[in-house]
Amino acid sequence: MMLYCRNTLPIFLLLVAGMATAQNAIITGRVSDDKTNEGLFLATLSVGDHGAVTEIDGAYRLELPAGNYTMTISYVGYNTQTQAVAAKAGETLQLDFALNAEVSILETATVTSGKFEKSLGEVTVSMEVLKPGLVESANKNTLDGAIEKIPGVTVIDGQANIRGGSGFSQGAGSRVLLLVDDIPILQADAGYPNWDDVPMENVEQIEVLKGAASALYGSSALNGVINVRTAYPRSEPETKISGVYTTWFSPEDPDKKWWDSAPYSYTGSVSHKRKIGKLDLVLGSFYVKANSFNKDTYKEYGRFNFNTRYRLTDRLSFGINCNFNKGQSGSFFYWGDAVNPYVGETSTISSRERFRFTVDPFLTYFDKGGNRHRFVGRYYDVANENNLNQSNFSKSYYGEYQFQRQLKKLDMVMTAGVVYFGARSDSPLFGDTLLKSSNSAIYAQLDKTVGKRLNISGGFRYEYNVLNNPGFVTGIGIEVPPLIDKESKPVFRLGASYRVGSKTFLRASWGQGYRYPTIAEKYILTDAGGFFVTPNPLLRSETGWTAEVGVKHGFRVSKFDGFVDVSAFVMRYFDMMEFNLVPDSLLGLAFQSRNIGGTETPGLEVSVGGSGRIGGIKTSLMTGYTYIDPKFLDFDSTPIQAGEEQNIGQINYNNSSNKEEPVLKYRSRHTFKLDLELEWKNLSAGLETFYASNIEAIDAAFNLIITGLVGYRAENNKGYTVHNVRLGYRFGEAVKVSVLMGNILNNEYSIRPGLMEGPRNLTARVDFKF
């Protein structure tokens with residue numbers, strides 16, 4: 001009897017399970033874009049307490065009990081659909097849905113704030129999105145030029161900062177993390193962005209997150225994140241070709257012109273995207289040759305890149321992306337004198353040759369429970385050769401495993417991951433010694449929807465850093481002893497967004513930031529032309545936090561869809577790292593990266609943007625004003641007593657050119673940006689305006705080192721305003737010809753002391769698309 005029960009029980013349970021399944025209905029189908037027929041990956045289908053998520057090709061399968069239901073189909077950036085469903089027991093239904101893109105700009109899909117797609121209106125922090133159409137129209141061939149359109153973002157000689165979170169660090173260390181497809185691309189030894197490595201010919205969109213983001217992205221995201229998302233092919237193949245020629249006119253003061261033949265540049269780019277069965281293939285190339293208005297400043301390089309993605313099954317895709325950049329360039333660090341500011345100081349003129357490349361493997365897998373498993377990696381090889389004994393060679397390795405689970409019944413998304421980043425650098429800048437660093441981290445984030453209006457986001461990250469210096473002696477006799485530096489740090493963030501009305505969102509956020517010193521900041525030794533930069537092995541990491549409250553309101557005028565965003569924020573940093581002139585036992589005085597105590601930057605930002613038609617004219621707008629009040633919390637004017645060392649406040653005071661106020665160096669209190677484009681039939685016209693108030697404080701030492709700088713800053717103390725205009729004409733859908741004039745008023749201005757910006761210039765551009 002016992003044997004009979006043991007044998008029949010499993011059979012009975014199988015029969016019961018089979019009968020239960022037979023009572024259910026099965027719904028299968030596909031969710032796609034109504035214009036391109038592209039499958040929408042991770043679209044959501046909800047039926048009461050039941051739901052499903054689409055796979056890579058947009059396919060889904062949903063099983064539910066017999067009955068009458070209303071199905072809701074939604075996808076970030078698209079209008080939501082509903083469908084009445086009559087499900088019969090044992091029946092299989094085929095239901096396909098084609099969603100149309102949401103016209104509201106607040107529904108723009110973003111990923112940077114939470115590592116999954118979320119509409120712009122629901123993001124709990126300040127974020128801006130830049131589309132490739134605007135980048136192409138304004139002829140921004142490099143990323144640093146493109147992001148300067150965004151309110152609150154400035155670039156000083158290659159150094160990005162957001163809302164005054166950074167100044168000018170002489171090419172070492174960045175508080176803004178640069179990502180390409182969610183993977184860091186800062187140079188390993190200096191933490192510096194190589195803007196020329198970003199494939200601007202193949203951009204889907206650029207997302208800029210303002211404020212501390214270390215809880216998700218770790219060190220270097222202390223001040224924000226710039227994430228470039230590259231494009232994949234649509235249903236139809238696409239090829240783009242562009243050619244650009246630019247020439248510069250004489251400066252406003254013709255006596256400052258050093259050239260006989262006008263400086264010029266020309267660039268060309270090609271990109272091609274297509275599907276080949278299950279394979280997505282993207283090819284891109286870019287070439288530039290430029291002779292600058294600044295003498296002995298030039299660049300010539302070529303870049304080639306390809307992206308691949310193979311969809312092996314509905315659940316598994318993988319691929320590899322590669323980018324190669326080879327070329328040469330030359331520049332000077334500061335001018336010889338203010339009388340001839342476009343001519344460099346001879347000792348600072350340098351020439352460089354470089355070869356850099358990245359190899360990025362990736363894999364994405366969805367298990368049967370709908371959980372996403374993602375692996376991304378990057379190998380980044382940098383070889384920069386320099387004629388001033390400043391060559392550097394570095395290799396970095398990045399790997400990240402990420403797990404993401406959508407808990408439908410709880411309206412929650414859980415994201416967690418493990419990261420490893422390793423780097424090694426060999427350079428005369430570091431005593432021709434092999435230095436190694438590593439960063440290991442774990443992170444987790446929860447995003448929860450409460451009701452239909454409130455979104456809450458919280459995150460945590462734990463970092464462990466190691467920097468191994470075997471010890472070295474520099475060419476001028478400075479001995480740096482061996483040191484293995486280890487440090488760990490937790491960081492947290494919390495944010496919320498509340499939908500007040502259909503188009504109004506309130507948000508508040510607080511996030512911690514953390515940045516571990518780069519190899520260069522701790523161990524660099526170089527002659528920068530008139531002064532030395534020396535190592536500081538005892539340099540500590542910097543930490544901080546950013547808090548913000550804001551409101552984003554969508555509006556519609558005629559057929560123009562736009563938004564107004566107002567935010568108030570404060571950034572607080574502790575042990576901030578900054579290069580300062582300090583006493584040196586061997587050299588007397590030298591620049592060195594030092595911890596300068598606390599800083600605080602409160603501010604206010606207003607931005608307006610949108611696109612659509614007003615009175616039959618297609619209009620796009622991006623504009624904004626940012627005010628900041630950046631200040632040292634340690635600023636001591638007390639004279640240094642004989643035999644005593646400077647305290648932090650005295651170092652800050654003595655190194656600042658502004659002795660009246662404790663204002664942080666290299667910041668403008670007021671900035672304003674505007675880009676307006678109007679298009680009527682085949683003709684388009686655009687205006688671009690930049691304004692920045694006077695930089696009130698710089699390194700005091702530069703007033704002594706750079707000839708004529710004191711007088712130049714005294715005469716040019718009102719900041720600068722630059723206007724650029726453009727005209728374009730389309731010949732059908734395939735060809736566009738544009739003419740652009742930059743700095744139309746021919747204003748003479750300098751952003752970074754000792755380095756002039758360009759005079760009036762004229763650009764011709766032609767674009768082909770087929």
# chains A, B, ... in the order shown; residues from 1 in each chain; ligands from 1

call {"tool": "residues_around", "arguments": {"residues": "stretch 262-277 of chain A", "least_positions_apart": "4", "cutoff": "8 Å", "atoms": "only C-alpha atoms", "output": "number ranges by chain"}}
result
A: 201-202, 232-250, 281-293

call {"tool": "write_last_selection", "arguments": {"atoms": "N, CA and C atoms", "output": "compact mmCIF listing (two decimals), in the first residue's frame"}}
result
# COMPACT_ATOMS: atom_id res chain seq x y z
N GLU A 201 30.55 60.33 -34.19
CA GLU A 201 29.84 59.99 -35.42
C GLU A 201 28.78 58.92 -35.20
N ASN A 202 28.72 58.35 -34.00
CA ASN A 202 27.76 57.28 -33.74
C ASN A 202 27.16 57.43 -32.35
N TYR A 232 22.71 51.76 -32.14
CA TYR A 232 22.68 50.49 -32.86
C TYR A 232 21.75 50.63 -34.06
N PRO A 233 21.88 49.73 -35.03
CA PRO A 233 21.08 49.86 -36.25
C PRO A 233 19.59 49.68 -36.02
N ARG A 234 18.80 50.36 -36.87
CA ARG A 234 17.35 50.17 -36.91
C ARG A 234 17.04 49.07 -37.92
N SER A 235 15.78 49.01 -38.32
CA SER A 235 15.37 47.95 -39.24
C SER A 235 15.98 48.13 -40.63
N GLU A 236 16.25 49.38 -41.02
CA GLU A 236 16.84 49.66 -42.33
C GLU A 236 18.29 50.11 -42.18
N PRO A 237 19.19 49.70 -43.09
CA PRO A 237 20.59 50.16 -43.04
C PRO A 237 20.66 51.69 -43.16
N GLU A 238 21.67 52.27 -42.55
CA GLU A 238 21.83 53.73 -42.59
C GLU A 238 23.31 54.07 -42.71
N THR A 239 23.61 55.01 -43.61
CA THR A 239 24.98 55.50 -43.79
C THR A 239 24.97 57.02 -43.68
N LYS A 240 25.94 57.56 -42.94
CA LYS A 240 26.10 59.01 -42.80
C LYS A 240 27.53 59.39 -43.18
N ILE A 241 27.66 60.47 -43.94
CA ILE A 241 28.96 61.00 -44.31
C ILE A 241 28.93 62.52 -44.09
N SER A 242 29.98 63.05 -43.50
CA SER A 242 30.05 64.51 -43.31
C SER A 242 31.45 65.00 -43.65
N GLY A 243 31.51 66.23 -44.16
CA GLY A 243 32.77 66.90 -44.42
C GLY A 243 32.68 68.34 -43.94
N VAL A 244 33.74 68.81 -43.27
CA VAL A 244 33.72 70.14 -42.64
C VAL A 244 35.03 70.86 -42.92
N TYR A 245 34.93 72.16 -43.27
CA TYR A 245 36.13 72.99 -43.44
C TYR A 245 35.91 74.29 -42.66
N THR A 246 36.93 74.67 -41.85
CA THR A 246 36.85 75.89 -41.03
C THR A 246 38.08 76.74 -41.26
N THR A 247 37.88 78.04 -41.34
CA THR A 247 39.00 78.98 -41.42
C THR A 247 38.78 80.10 -40.41
N TRP A 248 39.90 80.61 -39.84
CA TRP A 248 39.83 81.66 -38.82
C TRP A 248 40.26 83.00 -39.43
N PHE A 249 39.56 84.06 -39.00
CA PHE A 249 39.88 85.42 -39.43
C PHE A 249 40.88 86.05 -38.46
N SER A 250 41.27 87.27 -38.75
CA SER A 250 42.21 88.00 -37.89
C SER A 250 41.54 88.38 -36.58
N LEU A 281 25.56 45.49 -36.65
CA LEU A 281 26.91 45.94 -36.98
C LEU A 281 26.91 47.45 -37.17
N VAL A 282 27.88 48.11 -36.52
CA VAL A 282 28.07 49.56 -36.65
C VAL A 282 29.54 49.82 -36.96
N LEU A 283 29.80 50.61 -38.00
CA LEU A 283 31.16 51.00 -38.37
C LEU A 283 31.25 52.52 -38.36
N GLY A 284 32.37 53.06 -37.89
CA GLY A 284 32.55 54.50 -37.88
C GLY A 284 34.00 54.90 -38.04
N SER A 285 34.21 56.05 -38.65
CA SER A 285 35.57 56.58 -38.78
C SER A 285 35.52 58.10 -38.78
N PHE A 286 36.64 58.69 -38.36
CA PHE A 286 36.72 60.15 -38.25
C PHE A 286 38.16 60.56 -38.52
N TYR A 287 38.34 61.68 -39.23
CA TYR A 287 39.68 62.21 -39.51
C TYR A 287 39.65 63.71 -39.36
N VAL A 288 40.70 64.27 -38.76
CA VAL A 288 40.81 65.72 -38.62
C VAL A 288 42.26 66.15 -38.85
N LYS A 289 42.41 67.29 -39.52
CA LYS A 289 43.69 67.97 -39.62
C LYS A 289 43.43 69.43 -39.34
N ALA A 290 44.08 69.98 -38.32
CA ALA A 290 43.79 71.35 -37.89
C ALA A 290 45.07 72.07 -37.53
N ASN A 291 45.20 73.30 -38.05
CA ASN A 291 46.25 74.23 -37.64
C ASN A 291 45.58 75.39 -36.93
N SER A 292 45.92 75.59 -35.68
CA SER A 292 45.18 76.50 -34.82
C SER A 292 45.59 77.95 -34.99
N PHE A 293 44.73 78.83 -34.49
CA PHE A 293 45.03 80.25 -34.37
C PHE A 293 46.11 80.49 -33.32

call {"tool": "residues_around", "arguments": {"residues": "A:Ser656", "least_positions_apart": "2", "cutoff": "9 Å", "atoms": "only C-alpha atoms", "output": "PyMOL selection string"}}
result
chain A and resi 651-654+658-659+662-665+697-701

call {"tool": "write_last_selection", "arguments": {"atoms": "N, CA, C and O atoms", "output": "PDB file, in the first residue's frame"}}
result
ATOM      1  N   ILE A 651      47.563  78.415   3.158  1.00  0.00           N
ATOM      2  CA  ILE A 651      47.901  77.926   1.818  1.00  0.00           C
ATOM      3  C   ILE A 651      46.864  78.408   0.806  1.00  0.00           C
ATOM      4  O   ILE A 651      47.203  78.885  -0.283  1.00  0.00           O
ATOM      5  N   ASN A 652      45.583  78.297   1.155  1.00  0.00           N
ATOM      6  CA  ASN A 652      44.524  78.740   0.248  1.00  0.00           C
ATOM      7  C   ASN A 652      44.600  80.240  -0.005  1.00  0.00           C
ATOM      8  O   ASN A 652      44.444  80.696  -1.145  1.00  0.00           O
ATOM      9  N   TYR A 653      44.850  81.010   1.034  1.00  0.00           N
ATOM     10  CA  TYR A 653      44.921  82.473   0.893  1.00  0.00           C
ATOM     11  C   TYR A 653      46.118  82.875   0.039  1.00  0.00           C
ATOM     12  O   TYR A 653      45.994  83.677  -0.896  1.00  0.00           O
ATOM     13  N   ASN A 654      47.267  82.308   0.328  1.00  0.00           N
ATOM     14  CA  ASN A 654      48.490  82.710  -0.379  1.00  0.00           C
ATOM     15  C   ASN A 654      48.502  82.256  -1.831  1.00  0.00           C
ATOM     16  O   ASN A 654      49.171  82.852  -2.671  1.00  0.00           O
ATOM     17  N   ASN A 658      42.848  86.324  -5.454  1.00  0.00           N
ATOM     18  CA  ASN A 658      41.822  87.161  -4.834  1.00  0.00           C
ATOM     19  C   ASN A 658      42.044  87.168  -3.326  1.00  0.00           C
ATOM     20  O   ASN A 658      41.791  86.167  -2.640  1.00  0.00           O
ATOM     21  N   LYS A 659      42.512  88.292  -2.799  1.00  0.00           N
ATOM     22  CA  LYS A 659      42.795  88.401  -1.369  1.00  0.00           C
ATOM     23  C   LYS A 659      41.615  88.983  -0.594  1.00  0.00           C
ATOM     24  O   LYS A 659      41.671  89.069   0.639  1.00  0.00           O
ATOM     25  N   PRO A 662      37.046  84.648  -0.086  1.00  0.00           N
ATOM     26  CA  PRO A 662      37.506  83.247  -0.149  1.00  0.00           C
ATOM     27  C   PRO A 662      36.846  82.473  -1.300  1.00  0.00           C
ATOM     28  O   PRO A 662      36.331  81.367  -1.115  1.00  0.00           O
ATOM     29  N   VAL A 663      36.861  83.042  -2.489  1.00  0.00           N
ATOM     30  CA  VAL A 663      36.199  82.423  -3.636  1.00  0.00           C
ATOM     31  C   VAL A 663      37.110  81.357  -4.249  1.00  0.00           C
ATOM     32  O   VAL A 663      38.326  81.545  -4.366  1.00  0.00           O
ATOM     33  N   LEU A 664      36.521  80.220  -4.617  1.00  0.00           N
ATOM     34  CA  LEU A 664      37.290  79.145  -5.236  1.00  0.00           C
ATOM     35  C   LEU A 664      37.832  79.588  -6.589  1.00  0.00           C
ATOM     36  O   LEU A 664      37.207  80.362  -7.308  1.00  0.00           O
ATOM     37  N   LYS A 665      38.976  79.034  -6.954  1.00  0.00           N
ATOM     38  CA  LYS A 665      39.658  79.444  -8.182  1.00  0.00           C
ATOM     39  C   LYS A 665      38.992  78.852  -9.423  1.00  0.00           C
ATOM     40  O   LYS A 665      38.418  77.777  -9.379  1.00  0.00           O
ATOM     41  N   ALA A 697      39.138  84.449  -9.261  1.00  0.00           N
ATOM     42  CA  ALA A 697      40.367  83.997  -8.600  1.00  0.00           C
ATOM     43  C   ALA A 697      41.057  82.947  -9.455  1.00  0.00           C
ATOM     44  O   ALA A 697      40.413  82.060 -10.012  1.00  0.00           O
ATOM     45  N   ILE A 698      42.373  83.075  -9.566  1.00  0.00           N
ATOM     46  CA  ILE A 698      43.213  82.082 -10.231  1.00  0.00           C
ATOM     47  C   ILE A 698      44.395  81.796  -9.309  1.00  0.00           C
ATOM     48  O   ILE A 698      44.496  82.353  -8.203  1.00  0.00           O
ATOM     49  N   ASP A 699      45.304  80.946  -9.739  1.00  0.00           N
ATOM     50  CA  ASP A 699      46.525  80.736  -8.967  1.00  0.00           C
ATOM     51  C   ASP A 699      47.345  82.020  -8.952  1.00  0.00           C
ATOM     52  O   ASP A 699      47.693  82.564 -10.008  1.00  0.00           O
ATOM     53  N   ALA A 700      47.675  82.485  -7.750  1.00  0.00           N
ATOM     54  CA  ALA A 700      48.448  83.720  -7.625  1.00  0.00           C
ATOM     55  C   ALA A 700      49.791  83.603  -8.338  1.00  0.00           C
ATOM     56  O   ALA A 700      50.298  84.585  -8.897  1.00  0.00           O
ATOM     57  N   ALA A 701      50.363  82.400  -8.358  1.00  0.00           N
ATOM     58  CA  ALA A 701      51.671  82.207  -8.983  1.00  0.00           C
ATOM     59  C   ALA A 701      51.636  82.503 -10.476  1.00  0.00           C
ATOM     60  O   ALA A 701      52.641  82.938 -11.055  1.00  0.00           O
TER      61      ALA A 701
END

call {"tool": "residues_around", "arguments": {"residues": "A:Tyr192", "least_positions_apart": "6", "cutoff": "12 Å", "atoms": "only C-alpha atoms", "output": "ChimeraX atom specification"}}
result
/A:157-160,168-178,184-186,220,382,518-521

call {"tool": "closest_residue", "arguments": {"among": "A:Leu727, A:Ala59, A:Ala764, A:Ile628", "to": "A:Thr671", "atoms": "only C-alpha atoms"}}
result
A:Ile628

call {"tool": "residues_around", "arguments": {"residues": "stretch 315-320 of chain A", "least_positions_apart": "3", "cutoff": "6 Å", "atoms": "only C-alpha atoms", "output": "NGL selection string"}}
result
:A and (308-312 or 360-366)

call {"tool": "write_last_selection", "arguments": {"atoms": "N, CA, C and O atoms", "output": "mmCIF file, in the first residue's frame"}}
result
data_model
loop_
_atom_site.group_PDB
_atom_site.id
_atom_site.type_symbol
_atom_site.label_atom_id
_atom_site.label_comp_id
_atom_site.auth_asym_id
_atom_site.auth_seq_id
_atom_site.Cartn_x
_atom_site.Cartn_y
_atom_site.Cartn_z
ATOM 1 N N THR A 308 29.495 45.635 -32.367
ATOM 2 C CA THR A 308 28.762 44.457 -32.799
ATOM 3 C C THR A 308 27.867 43.977 -31.666
ATOM 4 O O THR A 308 28.199 44.139 -30.484
ATOM 5 N N ARG A 309 26.753 43.386 -32.030
ATOM 6 C CA ARG A 309 25.868 42.741 -31.045
ATOM 7 C C ARG A 309 25.192 41.563 -31.737
ATOM 8 O O ARG A 309 24.547 41.736 -32.772
ATOM 9 N N TYR A 310 25.351 40.391 -31.170
ATOM 10 C CA TYR A 310 24.758 39.197 -31.752
ATOM 11 C C TYR A 310 23.690 38.664 -30.797
ATOM 12 O O TYR A 310 23.967 38.399 -29.615
ATOM 13 N N ARG A 311 22.476 38.502 -31.298
ATOM 14 C CA ARG A 311 21.357 38.017 -30.490
ATOM 15 C C ARG A 311 21.210 36.513 -30.719
ATOM 16 O O ARG A 311 20.523 36.078 -31.645
ATOM 17 N N LEU A 312 21.883 35.738 -29.883
ATOM 18 C CA LEU A 312 21.893 34.286 -30.052
ATOM 19 C C LEU A 312 20.507 33.696 -29.841
ATOM 20 O O LEU A 312 20.062 32.831 -30.605
ATOM 21 N N ASP A 360 35.975 46.372 -25.861
ATOM 22 C CA ASP A 360 34.872 46.279 -24.899
ATOM 23 C C ASP A 360 33.997 45.055 -25.174
ATOM 24 O O ASP A 360 33.091 45.113 -26.018
ATOM 25 N N PRO A 361 34.223 43.947 -24.485
ATOM 26 C CA PRO A 361 33.296 42.821 -24.609
ATOM 27 C C PRO A 361 32.086 43.007 -23.693
ATOM 28 O O PRO A 361 32.188 43.661 -22.641
ATOM 29 N N PHE A 362 30.942 42.446 -24.069
ATOM 30 C CA PHE A 362 29.757 42.542 -23.219
ATOM 31 C C PHE A 362 28.843 41.352 -23.472
ATOM 32 O O PHE A 362 28.878 40.719 -24.540
ATOM 33 N N LEU A 363 28.000 41.064 -22.487
ATOM 34 C CA LEU A 363 27.032 39.972 -22.579
ATOM 35 C C LEU A 363 25.830 40.328 -21.724
ATOM 36 O O LEU A 363 25.987 40.808 -20.586
ATOM 37 N N THR A 364 24.634 40.088 -22.257
ATOM 38 C CA THR A 364 23.395 40.305 -21.514
ATOM 39 C C THR A 364 22.539 39.054 -21.596
ATOM 40 O O THR A 364 22.323 38.510 -22.688
ATOM 41 N N TYR A 365 22.060 38.589 -20.434
ATOM 42 C CA TYR A 365 21.246 37.378 -20.392
ATOM 43 C C TYR A 365 20.052 37.594 -19.469
ATOM 44 O O TYR A 365 20.190 38.131 -18.366
ATOM 45 N N PHE A 366 18.877 37.168 -19.938
ATOM 46 C CA PHE A 366 17.665 37.195 -19.128
ATOM 47 C C PHE A 366 17.292 35.763 -18.762
ATOM 48 O O PHE A 366 17.078 34.918 -19.645
#

call {"tool": "closest_residue", "arguments": {"among": "A:Gln404, A:Gln205, A:Asn223, A:Asn307", "to": "A:Val570", "atoms": "only C-alpha atoms"}}
result
A:Asn223

call {"tool": "select_by_dssp", "arguments": {"residues": "stretch 115-185 of chain A", "states": "helix (DSSP H, G or I)", "output": "VMD selection string"}}
result
chain A and resid 120 to 122 132 to 137 143 to 147

call {"tool": "residues_around", "arguments": {"residues": "A:Ser750", "least_positions_apart": "4", "cutoff": "10 Å", "atoms": "only C-alpha atoms", "output": "NGL selection string"}}
result
:A and (156 or 341 or 712-713 or 716 or 719-720 or 754-758)

call {"tool": "closest_atom_pairs", "arguments": {"of": "stretch 505-589 of chain A", "to": "stretch 119-128 of chain A", "cutoff": "9 Å", "atoms": "only C-alpha atoms", "output": "CSV"}}
result
residue,atom,partner,partner_atom,distance
A:Phe505,CA,A:Gly121,CA,6.4
A:Leu506,CA,A:Thr124,CA,8.5
A:Arg507,CA,A:Thr124,CA,5.4
A:Ala508,CA,A:Thr124,CA,6.4
A:Ser509,CA,A:Val125,CA,6.1
A:Trp510,CA,A:Val125,CA,8.8
A:Glu548,CA,A:Val125,CA,7.6
A:Val549,CA,A:Val125,CA,8.5
A:Gly550,CA,A:Ser126,CA,7.9
A:Lys552,CA,A:Gly121,CA,7.0
A:His553,CA,A:Gly121,CA,8.5
A:Gly554,CA,A:Gly121,CA,8.7
A:Asp565,CA,A:Ser126,CA,8.9
A:Ser567,CA,A:Ser126,CA,7.9

call {"tool": "residues_around", "arguments": {"residues": "A:Ala416", "least_positions_apart": "3", "cutoff": "8 Å", "atoms": "only C-alpha atoms", "output": "mmCIF file with all heavy atoms, in the first residue's frame"}}
result
data_model
loop_
_atom_site.group_PDB
_atom_site.id
_atom_site.type_symbol
_atom_site.label_atom_id
_atom_site.label_comp_id
_atom_site.auth_asym_id
_atom_site.auth_seq_id
_atom_site.Cartn_x
_atom_site.Cartn_y
_atom_site.Cartn_z
ATOM 1 N N GLN A 402 26.485 42.864 -13.400
ATOM 2 C CA GLN A 402 25.322 43.563 -12.859
ATOM 3 C C GLN A 402 24.112 42.639 -12.896
ATOM 4 O O GLN A 402 23.856 41.947 -13.891
ATOM 5 C CB GLN A 402 25.029 44.817 -13.685
ATOM 6 C CG GLN A 402 23.868 45.652 -13.164
ATOM 7 C CD GLN A 402 23.512 46.761 -14.136
ATOM 8 O OE1 GLN A 402 22.457 46.745 -14.758
ATOM 9 N NE2 GLN A 402 24.413 47.736 -14.293
ATOM 10 N N PHE A 403 23.372 42.633 -11.792
ATOM 11 C CA PHE A 403 22.134 41.871 -11.682
ATOM 12 C C PHE A 403 20.992 42.853 -11.473
ATOM 13 O O PHE A 403 21.095 43.768 -10.654
ATOM 14 C CB PHE A 403 22.202 40.906 -10.498
ATOM 15 C CG PHE A 403 20.894 40.207 -10.193
ATOM 16 C CD1 PHE A 403 20.518 39.083 -10.916
ATOM 17 C CD2 PHE A 403 20.047 40.688 -9.210
ATOM 18 C CE1 PHE A 403 19.319 38.444 -10.642
ATOM 19 C CE2 PHE A 403 18.844 40.058 -8.921
ATOM 20 C CZ PHE A 403 18.474 38.925 -9.646
ATOM 21 N N GLN A 404 19.912 42.648 -12.229
ATOM 22 C CA GLN A 404 18.760 43.549 -12.090
ATOM 23 C C GLN A 404 17.476 42.731 -12.088
ATOM 24 O O GLN A 404 17.272 41.854 -12.941
ATOM 25 C CB GLN A 404 18.722 44.567 -13.224
ATOM 26 C CG GLN A 404 17.713 45.674 -13.004
ATOM 27 C CD GLN A 404 17.887 46.781 -14.025
ATOM 28 O OE1 GLN A 404 17.229 46.792 -15.053
ATOM 29 N NE2 GLN A 404 18.793 47.724 -13.740
ATOM 30 N N ILE A 442 31.387 46.988 -4.642
ATOM 31 C CA ILE A 442 30.059 46.394 -4.756
ATOM 32 C C ILE A 442 29.052 47.536 -4.611
ATOM 33 O O ILE A 442 29.319 48.534 -3.932
ATOM 34 C CB ILE A 442 29.801 45.316 -3.686
ATOM 35 C CG1 ILE A 442 29.975 45.904 -2.274
ATOM 36 C CG2 ILE A 442 30.707 44.121 -3.893
ATOM 37 C CD1 ILE A 442 29.558 44.944 -1.167
ATOM 38 N N TYR A 443 27.920 47.399 -5.281
ATOM 39 C CA TYR A 443 26.910 48.450 -5.185
ATOM 40 C C TYR A 443 25.515 47.849 -5.272
ATOM 41 O O TYR A 443 25.322 46.726 -5.771
ATOM 42 C CB TYR A 443 27.096 49.508 -6.272
ATOM 43 C CG TYR A 443 26.876 49.009 -7.683
ATOM 44 C CD1 TYR A 443 25.599 48.991 -8.251
ATOM 45 C CD2 TYR A 443 27.938 48.560 -8.460
ATOM 46 C CE1 TYR A 443 25.394 48.531 -9.542
ATOM 47 C CE2 TYR A 443 27.746 48.093 -9.753
ATOM 48 C CZ TYR A 443 26.475 48.087 -10.289
ATOM 49 O OH TYR A 443 26.274 47.622 -11.573
ATOM 50 N N ALA A 444 24.543 48.594 -4.784
ATOM 51 C CA ALA A 444 23.144 48.173 -4.865
ATOM 52 C C ALA A 444 22.270 49.416 -4.902
ATOM 53 O O ALA A 444 22.599 50.442 -4.290
ATOM 54 C CB ALA A 444 22.767 47.300 -3.680
ATOM 55 N N GLN A 445 21.169 49.330 -5.619
ATOM 56 C CA GLN A 445 20.219 50.436 -5.681
ATOM 57 C C GLN A 445 18.803 49.873 -5.773
ATOM 58 O O GLN A 445 18.554 48.889 -6.474
ATOM 59 C CB GLN A 445 20.488 51.345 -6.874
ATOM 60 C CG GLN A 445 19.435 52.446 -7.037
ATOM 61 C CD GLN A 445 19.926 53.641 -7.806
ATOM 62 O OE1 GLN A 445 21.014 54.154 -7.534
ATOM 63 N NE2 GLN A 445 19.128 54.110 -8.759
#

call {"tool": "decode", "arguments": {"residues": "stretch 722-748 of chain A", "atoms": "C-alpha atoms", "output": "short mmCIF file (atom, residue, chain, number, x, y, z; two decimals), in the first residue's frame"}}
result
data_model
loop_
_atom_site.label_atom_id
_atom_site.label_comp_id
_atom_site.auth_asym_id
_atom_site.auth_seq_id
_atom_site.Cartn_x
_atom_site.Cartn_y
_atom_site.Cartn_z
CA VAL A 722 30.23 84.80 -27.55
CA HIS A 723 27.60 84.51 -30.29
CA ASN A 724 27.65 81.89 -33.05
CA VAL A 725 25.17 81.68 -35.94
CA ARG A 726 24.38 79.00 -38.53
CA LEU A 727 22.34 78.49 -41.70
CA GLY A 728 21.45 75.19 -43.29
CA TYR A 729 19.58 73.96 -46.33
CA ARG A 730 18.31 70.44 -47.00
CA PHE A 731 18.20 68.99 -50.47
CA GLY A 732 15.56 66.35 -49.80
CA GLU A 733 16.25 63.85 -47.02
CA ALA A 734 19.72 62.88 -48.20
CA VAL A 735 21.82 66.06 -48.32
CA LYS A 736 22.24 69.06 -46.02
CA VAL A 737 24.61 72.00 -46.55
CA SER A 738 25.43 74.33 -43.64
CA VAL A 739 27.40 77.54 -43.15
CA LEU A 740 28.39 78.55 -39.62
CA MET A 741 30.08 81.66 -38.26
CA GLY A 742 31.63 81.45 -34.82
CA ASN A 743 32.35 84.42 -32.55
CA ILE A 744 30.56 86.74 -34.96
CA LEU A 745 31.45 89.85 -32.93
CA ASN A 746 35.12 88.79 -32.94
CA ASN A 747 35.45 89.17 -29.18
CA GLU A 748 38.90 88.58 -27.73
#
